[in-house]
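A.B. asks: Quick one: the structure is below, questions incoming.
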2 protein chains.
Amino acid sequence: MLKFTTRGRYSVQIMVDLSQHISEGPISLKSIADRHNLSESYLEQLISELRKADLVRSVRGAQGGYVLQRDPGQITVGEIIRSVAGSIAPVDCEHQTETMSCRCDPDEQCLTRDLWVRVRDSVNELVDSIYLSDLVKQPMDRSSLN
Amino acid sequence: MLKFTTRGRYSVQIMVDLSQHISEGPISLKSIADRHNLSESYLEQLISELRKADLVRSVRGAQGGYVLQRDPGQITVGEIIRSVAGSIAPVDCEHQTETMSCRCDPDEQCLTRDLWVRVRDSVNELVDSIYLSDLVKQPMDRSSLN
DNA sequence: CAAATTCCTAGTAAATAGATAGGATATAGA
DNA sequence: TCTATATCCTATCTATTTACTAGGAATTTG
């Protein structure tokens, strides 16, 4: 199976939520967790990675919370996912060409290696082309949909 | 992280191996396991799925083994992976639009759902465009590479 | 000072993946 | 017909990863 874990998905949700409340100052993690019915403690670990990746800024203390570091139009989904989940790699590495592997005899050419590289590149390309702003609904702008 | 499991990868290896020995009659799983240094018992479970998906045919008894059901040019990597790993879905489903989900309030529009659908479709499209024959090296044909 | 909040670390539970074991069934060839 | 070689089937176990919880220290507002 090929799937994103909750880490990647929840992280995107956090970032979308922050985009939606961008004008309200620091947003507490508790309010995000409540809105999406997720565990605050769990999100804590994820947003900690987002902070280290410099995607959000934190404000400590009462009335504190988190704020996007950049405009939603300047943050890609790829950045978000990679920041909490390491690289987006369909397989692990053994005898490495970058991050690809197989267990076949090293003498013979690895026939499937390129395949997984292509899948990885394809997914990366896609998520890197989608910006946070693309995911935020703009209720004022419904008319421009067609 | 986003990765294919060994199920998908080993299954592709099995199918590539069968392609390479296509002219030798039924190929035993033991010989495949030996060539790639993998556990025969484990591959057994995988090839069982490949058989149910009608991608390979089995010949029981001594001198038995497995044979591709179709020409390598007629079998896609997508079929192989899906047959052993279910659907290639980046996320699981809760309030379902096909196979996508989020845990947000069902009243509000799910902003990220389309994202995961697009990733899934993109990966499926890619692996469905790659045929087994594309992965098999043709040592006689080196000259035609350019 | 009290309440709200981020920050940090350790630990646990649940799910999945990966692998193993044992034996039943089938077939080729001696 | 017997033996060796295979597939076939199912149950089980182990390791890894994912998901989540707990507890408390540090920081800031009012």
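In the structure tokens, each chain is lettered A, B, ... as it comes, each chain's residues begin at 1, and ligands are numbered from 1 in order of appearance.
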Residues at most 6 Å from region 2-14 of chain D, counting only C-alpha atoms (C1' of nucleotides), excluding those fewer than 5 positions away in the same chain, as a PDB file with N, CA and C atoms, in the first residue's frame?

C.D. replies:
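Below is the file result.pdb, written as the result:
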ATOM      1  N   ARG B  60       1.539 -27.135 -10.655  1.00  0.00           N
ATOM      2  CA  ARG B  60       1.863 -27.840  -9.422  1.00  0.00           C
ATOM      3  C   ARG B  60       2.722 -29.063  -9.675  1.00  0.00           C
ATOM      4  N   GLY B  61       3.314 -29.543  -8.592  1.00  0.00           N
ATOM      5  CA  GLY B  61       4.098 -30.767  -8.671  1.00  0.00           C
ATOM      6  C   GLY B  61       5.535 -30.553  -9.097  1.00  0.00           C
ATOM      7  N   ALA B  62       6.254 -31.652  -9.133  1.00  0.00           N
ATOM      8  CA  ALA B  62       7.666 -31.586  -9.504  1.00  0.00           C
ATOM      9  C   ALA B  62       7.824 -30.935 -10.869  1.00  0.00           C
ATOM     10  N   GLY B  64       7.316 -28.105 -11.447  1.00  0.00           N
ATOM     11  CA  GLY B  64       6.291 -27.077 -11.580  1.00  0.00           C
ATOM     12  C   GLY B  64       6.849 -25.703 -11.319  1.00  0.00           C
TER      13      GLY B  64
END

A.B. asks: As a VMD selection string, list the residues of region 7-85 of chain A assigned to strand (DSSP E or B) by DSSP on the backbone atoms of this structure.

C.D. replies: chain A and resid 27 56 to 59 65 to 68 76

A.B. asks: Selected residues, C-alpha atoms, written as a PDB file, in the first residue's frame, please.

C.D. replies:
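Once everything was written out, this is part30.pdb:
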ATOM      1  CA  ILE A  27      -3.833  30.686  16.976  1.00  0.00           C
ATOM      2  CA  VAL A  56       5.311  28.559  11.453  1.00  0.00           C
ATOM      3  CA  ARG A  57       6.337  30.885  14.252  1.00  0.00           C
ATOM      4  CA  SER A  58       5.265  30.355  17.839  1.00  0.00           C
ATOM      5  CA  VAL A  59       4.212  32.844  20.483  1.00  0.00           C
ATOM      6  CA  GLY A  65      -0.200  30.350  19.622  1.00  0.00           C
ATOM      7  CA  TYR A  66       1.114  29.876  16.114  1.00  0.00           C
ATOM      8  CA  VAL A  67       1.349  32.052  13.052  1.00  0.00           C
ATOM      9  CA  LEU A  68       2.374  31.228   9.486  1.00  0.00           C
ATOM     10  CA  THR A  76       3.780  24.289  -0.826  1.00  0.00           C
TER      11      THR A  76
END

A.B. asks: Within 12 Å of chain D, which residues of chain A show up when using only C-alpha atoms (C1' of nucleotides), listed as a PyMOL selection string?

C.D. replies: chain A and resi 4-8+10+38-46+58-65+85

A.B. asks: Using only C-alpha atoms (C1' of nucleotides), I'd like every residue of chain C that has an atom within 6 Å of chain B; please write them out as a PDB file with N, CA and C atoms (P, O5', C5', C4', C3', O3' and C1' of nucleotides), in the first residue's frame.

C.D. replies:
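Printed below is selection.pdb as written:
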ATOM      1  P    DA C  26      -5.370 -32.443  -4.855  1.00  0.00           P
ATOM      2  O5'  DA C  26      -4.053 -32.344  -5.741  1.00  0.00           O
ATOM      3  C5'  DA C  26      -3.708 -31.092  -6.296  1.00  0.00           C
ATOM      4  C4'  DA C  26      -2.389 -31.239  -7.009  1.00  0.00           C
ATOM      5  C3'  DA C  26      -2.374 -32.295  -8.104  1.00  0.00           C
ATOM      6  O3'  DA C  26      -2.011 -31.620  -9.285  1.00  0.00           O
ATOM      7  C1'  DA C  26      -0.466 -32.476  -6.724  1.00  0.00           C
ATOM      8  P    DT C  27      -2.277 -32.347 -10.706  1.00  0.00           P
ATOM      9  O5'  DT C  27      -0.800 -32.816 -11.082  1.00  0.00           O
ATOM     10  C5'  DT C  27       0.195 -31.812 -11.215  1.00  0.00           C
ATOM     11  C4'  DT C  27       1.543 -32.468 -11.303  1.00  0.00           C
ATOM     12  C3'  DT C  27       1.633 -33.595 -12.333  1.00  0.00           C
ATOM     13  O3'  DT C  27       2.622 -33.205 -13.242  1.00  0.00           O
ATOM     14  C1'  DT C  27       2.714 -34.166 -10.312  1.00  0.00           C
ATOM     15  P    DA C  28       2.759 -33.901 -14.658  1.00  0.00           P
ATOM     16  O5'  DA C  28       4.319 -34.209 -14.653  1.00  0.00           O
ATOM     17  C5'  DA C  28       5.211 -33.187 -14.178  1.00  0.00           C
ATOM     18  C4'  DA C  28       6.566 -33.792 -13.919  1.00  0.00           C
ATOM     19  C3'  DA C  28       7.022 -34.808 -14.955  1.00  0.00           C
ATOM     20  O3'  DA C  28       8.382 -34.535 -15.258  1.00  0.00           O
ATOM     21  C1'  DA C  28       6.960 -35.823 -12.800  1.00  0.00           C
TER      22       DA C  28
END

A.B. asks: By how many Å are CA of Ile75 (chain A) and CA of Val119 (chain A) apart?

C.D. replies: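 Computing the Euclidean distance for CA of Ile75 (chain A) and CA of Val119 (chain A) yields 22.6 Å.
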
A.B. asks: What's around Arg70 (chain A) at 12 Å? Count only C-alpha atoms (C1' of nucleotides), leave out sequence neighbours fewer than 5 positions away in its own chain, and write the answer as a list in words.

C.D. replies: Met15, Leu18, Ser19, Ile22, Arg51, Ala53, Asp54, Leu55, Val56, Arg57, Ile75, Thr76, Tyr131, Leu132 and Ser133 of chain A

A.B. asks: Export, as a PDB file, in the first residue's frame, the selected residues with N, CA and C atoms.

C.D. replies:
ATOM      1  N   MET A  15      -1.882  23.600   8.848  1.00  0.00           N
ATOM      2  CA  MET A  15      -1.454  24.740   8.042  1.00  0.00           C
ATOM      3  C   MET A  15      -2.642  25.390   7.328  1.00  0.00           C
ATOM      4  N   LEU A  18      -4.432  27.420   9.964  1.00  0.00           N
ATOM      5  CA  LEU A  18      -3.724  28.677  10.225  1.00  0.00           C
ATOM      6  C   LEU A  18      -3.957  29.686   9.093  1.00  0.00           C
ATOM      7  N   SER A  19      -4.032  29.177   7.871  1.00  0.00           N
ATOM      8  CA  SER A  19      -4.297  30.068   6.740  1.00  0.00           C
ATOM      9  C   SER A  19      -5.670  30.705   6.859  1.00  0.00           C
ATOM     10  N   ILE A  22      -5.711  33.549   9.520  1.00  0.00           N
ATOM     11  CA  ILE A  22      -4.457  34.281   9.425  1.00  0.00           C
ATOM     12  C   ILE A  22      -4.564  35.699   9.973  1.00  0.00           C
ATOM     13  N   ARG A  51       7.591  24.111  13.037  1.00  0.00           N
ATOM     14  CA  ARG A  51       8.316  25.269  13.556  1.00  0.00           C
ATOM     15  C   ARG A  51       9.802  25.157  13.231  1.00  0.00           C
ATOM     16  N   ALA A  53      11.062  23.645  10.845  1.00  0.00           N
ATOM     17  CA  ALA A  53      11.234  23.841   9.401  1.00  0.00           C
ATOM     18  C   ALA A  53      10.940  25.277   9.002  1.00  0.00           C
ATOM     19  N   ASP A  54      10.674  26.085  10.004  1.00  0.00           N
ATOM     20  CA  ASP A  54      10.455  27.513   9.775  1.00  0.00           C
ATOM     21  C   ASP A  54       9.216  27.802   8.935  1.00  0.00           C
ATOM     22  N   LEU A  55       8.241  26.931   9.064  1.00  0.00           N
ATOM     23  CA  LEU A  55       6.985  27.169   8.346  1.00  0.00           C
ATOM     24  C   LEU A  55       6.000  27.937   9.210  1.00  0.00           C
ATOM     25  N   VAL A  56       6.135  27.769  10.540  1.00  0.00           N
ATOM     26  CA  VAL A  56       5.311  28.559  11.453  1.00  0.00           C
ATOM     27  C   VAL A  56       6.208  29.192  12.524  1.00  0.00           C
ATOM     28  N   ARG A  57       5.653  30.194  13.176  1.00  0.00           N
ATOM     29  CA  ARG A  57       6.337  30.885  14.252  1.00  0.00           C
ATOM     30  C   ARG A  57       5.462  30.725  15.486  1.00  0.00           C
ATOM     31  N   ILE A  75       3.823  28.836   0.340  1.00  0.00           N
ATOM     32  CA  ILE A  75       4.132  27.576   1.037  1.00  0.00           C
ATOM     33  C   ILE A  75       3.505  26.415   0.275  1.00  0.00           C
ATOM     34  N   THR A  76       4.336  25.425  -0.085  1.00  0.00           N
ATOM     35  CA  THR A  76       3.780  24.289  -0.826  1.00  0.00           C
ATOM     36  C   THR A  76       3.453  23.125   0.102  1.00  0.00           C
ATOM     37  N   TYR A 131       0.041  24.858  -3.667  1.00  0.00           N
ATOM     38  CA  TYR A 131       0.304  25.812  -2.593  1.00  0.00           C
ATOM     39  C   TYR A 131      -0.833  25.788  -1.581  1.00  0.00           C
ATOM     40  N   LEU A 132      -0.478  26.165  -0.373  1.00  0.00           N
ATOM     41  CA  LEU A 132      -1.452  26.245   0.707  1.00  0.00           C
ATOM     42  C   LEU A 132      -2.658  27.081   0.292  1.00  0.00           C
ATOM     43  N   SER A 133      -2.406  28.132  -0.423  1.00  0.00           N
ATOM     44  CA  SER A 133      -3.498  29.015  -0.859  1.00  0.00           C
ATOM     45  C   SER A 133      -4.480  28.281  -1.776  1.00  0.00           C
TER      46      SER A 133
END

A.B. asks: Quick one: of C:DA2, C:DC7, C:DA30, C:DA24, who's nearest to Ile47 (chain A), counting only C-alpha atoms (C1' of nucleotides)?

C.D. replies: C:DC7

A.B. asks: What is the distance between CA of Val77 (chain B) and CA of Val127 (chain B), in Å to one decimal?

C.D. replies: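 About the pair CA of Val77 (chain B) and CA of Val127 (chain B): they are 5.4 Å apart.
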